[in-house]
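What follows is a set of notes on a single structure, which appears directly below.
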Amino acid sequence: MIDLLPCPFCGESCEVEQGSSTDDREGRPVYMFCGLCGSQGPWVYCPIDNLSLSEALAAEQWNKRAQA
């Protein structure tokens, strides 16, 4: 698991979690979100048969966000 940076909006790190939505024709949308303030990271679409890749890409995109 990739270490996640704190939320760029509220600064909390212990509230960052992973979420996903219903599968569609592009794959499964996976994203990171802050359970404290509700901000969401970029959504990443990956093949349904490779969810571990989706999780890693979502975490990587979250960590690329600008910090407050």
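Residues in the structure tokens are numbered from 1 in each chain, the chains being A, B, ... in the order shown, and ligands are numbered from 1 in the order shown.
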
Surrounding residues of A:Val16 excluding itself and chain neighbours under 3 positions, 12 Å, only C-alpha atoms, as a PyMOL selection string: chain A and resi 3-13+19+31-41+58-59+62-63

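Listed by chain and then by rising number, the residues of chain A that DSSP assigns to alpha helix (DSSP H) from the backbone are Leu51, Ser52, Leu53, Ser54, Glu55, Ala56, Leu57, Ala58, Ala59, Glu60, Gln61, Trp62 and Asn63 of chain A.
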
Keeping only C-alpha atoms, take the residues you just selected and write them out as a PDB file, in the first residue's frame.
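Saved the output as again_7.pdb:
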```pdb
ATOM      1  CA  LEU A  51      -8.337  -3.637  -8.966  1.00  0.00           C
ATOM      2  CA  SER A  52      -4.987  -3.583  -7.169  1.00  0.00           C
ATOM      3  CA  LEU A  53      -3.654  -1.458 -10.030  1.00  0.00           C
ATOM      4  CA  SER A  54      -6.657   0.867  -9.620  1.00  0.00           C
ATOM      5  CA  GLU A  55      -5.949   1.294  -5.915  1.00  0.00           C
ATOM      6  CA  ALA A  56      -2.280   2.093  -6.532  1.00  0.00           C
ATOM      7  CA  LEU A  57      -3.076   4.590  -9.316  1.00  0.00           C
ATOM      8  CA  ALA A  58      -5.724   6.357  -7.224  1.00  0.00           C
ATOM      9  CA  ALA A  59      -3.275   6.706  -4.330  1.00  0.00           C
ATOM     10  CA  GLU A  60      -0.566   7.972  -6.683  1.00  0.00           C
ATOM     11  CA  GLN A  61      -2.914  10.611  -8.128  1.00  0.00           C
ATOM     12  CA  TRP A  62      -3.980  11.703  -4.634  1.00  0.00           C
ATOM     13  CA  ASN A  63      -0.350  12.229  -3.678  1.00  0.00           C
TER      14      ASN A  63
END
```

I'd like the interatomic distance between atom CA of A:Arg25 and atom CA of A:Tyr45, to a tenth of an Å. 9.8 Å

Would you kindly return, as a list of chain:residue names, each protein, DNA or RNA residue with an atom no farther than 12 Å from any atom of A:Gly27, considering only C-alpha atoms and excluding same-chain residues fewer than 4 positions away? A:Ser20, A:Ser21, A:Thr22, A:Asp23, A:Trp43, A:Val44, A:Tyr45, A:Cys46, A:Pro47, A:Ile48, A:Asp49, A:Asn50, A:Leu51, A:Leu53, A:Ser54

Deliver the residues from the most recent selection as a file, using N, CA and C atoms, as a compact mmCIF listing (two decimals), in the first residue's frame.
```txt
# COMPACT_ATOMS: atom_id res chain seq x y z
N SER A 20 -14.96 3.76 -4.30
CA SER A 20 -15.15 3.35 -5.69
C SER A 20 -16.62 3.49 -6.03
N SER A 21 -16.90 3.44 -7.30
CA SER A 21 -18.26 3.58 -7.78
C SER A 21 -18.61 2.34 -8.58
N THR A 22 -19.80 2.33 -9.12
CA THR A 22 -20.29 1.19 -9.90
C THR A 22 -19.48 1.03 -11.18
N ASP A 23 -19.18 -0.21 -11.52
CA ASP A 23 -18.44 -0.50 -12.75
C ASP A 23 -19.21 0.04 -13.95
N TRP A 43 -10.41 10.75 -10.04
CA TRP A 43 -10.96 9.42 -10.28
C TRP A 43 -10.08 8.71 -11.29
N VAL A 44 -9.78 7.44 -11.05
CA VAL A 44 -8.95 6.63 -11.93
C VAL A 44 -9.79 5.46 -12.41
N TYR A 45 -9.82 5.24 -13.72
CA TYR A 45 -10.54 4.10 -14.29
C TYR A 45 -9.53 3.03 -14.67
N CYS A 46 -9.74 1.84 -14.16
CA CYS A 46 -8.87 0.72 -14.49
C CYS A 46 -9.73 -0.51 -14.77
N PRO A 47 -9.16 -1.47 -15.47
CA PRO A 47 -9.90 -2.70 -15.75
C PRO A 47 -10.40 -3.36 -14.47
N ILE A 48 -11.59 -3.90 -14.54
CA ILE A 48 -12.22 -4.53 -13.38
C ILE A 48 -11.39 -5.71 -12.88
N ASP A 49 -10.69 -6.38 -13.78
CA ASP A 49 -9.92 -7.56 -13.38
C ASP A 49 -8.57 -7.21 -12.74
N ASN A 50 -8.25 -5.92 -12.59
CA ASN A 50 -6.98 -5.53 -11.98
C ASN A 50 -7.21 -4.39 -10.98
N LEU A 51 -7.99 -4.67 -9.93
CA LEU A 51 -8.34 -3.64 -8.97
C LEU A 51 -7.14 -3.18 -8.14
N LEU A 53 -4.25 -2.53 -9.23
CA LEU A 53 -3.65 -1.46 -10.03
C LEU A 53 -4.46 -0.18 -9.84
N SER A 54 -5.78 -0.29 -9.83
CA SER A 54 -6.66 0.87 -9.62
C SER A 54 -6.36 1.54 -8.30
```
